[in-house]
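Q: The structure under discussion is supplied below as structure tokens; questions concerning it will follow.
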Amino acid sequence: MMSSTGLIGRTIEDLRVGLAAMSAADLRDPWWAAVPLEGPPAPLAAAMCLRPGGMQIAPEVEAAVLDAGRRLADAGWKVEEIEDVPSIREAADVQMRLWLGDGYAGLVDAAKRDGDPAAIAVVAAVRGMAEPLPCDVVSHAMVLRTTLQREWRLFFTRYPVLLLPVSGELPFPDRLDLQGEAGFQRVWNAQLPLRAPPALGLQAARECLVGGVRNGA
């Protein structure tokens, strides 16, 4: 449900070419959907939220999102800064419950068979989240997912585009999430905008510069 194949490109036109190729039907793909590349006309209106869910962000991240908003405004868009977005922390919780609520033991075994120390460490770090989950967690998460999808769809009828940070921080020190509970939790918290949208099937385009400060989605 939350797995998707994305594109990497230097320009929007690069992505347009790739999406045109990827949108072709393939009967071997049970998840393919007939989604048009060009949707109906929409107003040039965007919402910009600097701290979704009340999360903390670095000053450089804030500056980058504000810069993205100015660029949209310069291109003729109406950009409105909003205090928060619909239920992003609840969406992140749905993501966690669907990921860990059914088959955690199998996830542990798969990580061990793969032998990747990083995967093993991540699976171990989320054990405290997985073990208390009730046996009916998936069915309840699916009900909540439907409710949250409704909220977000109504939101996007007003704002066709939403500007958010990709992460609350600049690129982390290498392997920070493997350096104990505090390091893992720091990465987990900062990447709230990366965890929540996939659980609801929301499309996103992310802009990042390796080693730089541009950080916006």
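Chain labels run A, B, ... following the order of the structure tokens; each chain numbers its residues from 1, and ligands are numbered from 1 in the order shown.
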Just the residues within 9 Å of A:Pro165, please, counting only C-alpha atoms, with nothing from its chain fewer than 2 positions along; format it as a ChimeraX atom specification.

A: /A:49-52,57,61-62,64-65,163,167-169,193,215-217

Q: Excluding stretch 72-88 of chain A and residues on its chain fewer than 4 positions from it, collect all residues at most 12 Å away from it, counting only C-alpha atoms, and give them as a PyMOL selection string.

A: chain A and resi 42-55+65-68+92-95+144-145+147-156+158-164+191-200+202

Q: Skip A:Met22 itself and residues of its chain fewer than 2 positions away, then list as a list in words all residues within 12 Å of it, counting only C-alpha atoms.

A: Ser4, Thr5, Gly6, Leu7, Leu15, Arg16, Val17, Gly18, Leu19, Ala20, Ala24, Ala25, Asp26, Asp29, Trp32, Ala33, Ala34, Val35, Pro36 and Leu37 of chain A

Q: As number ranges by chain, which residues of stretch 115-184 of chain A does DSSP assign to alpha helix (DSSP H)?

A: A: 117-125, 127-130, 137-158, 180-184
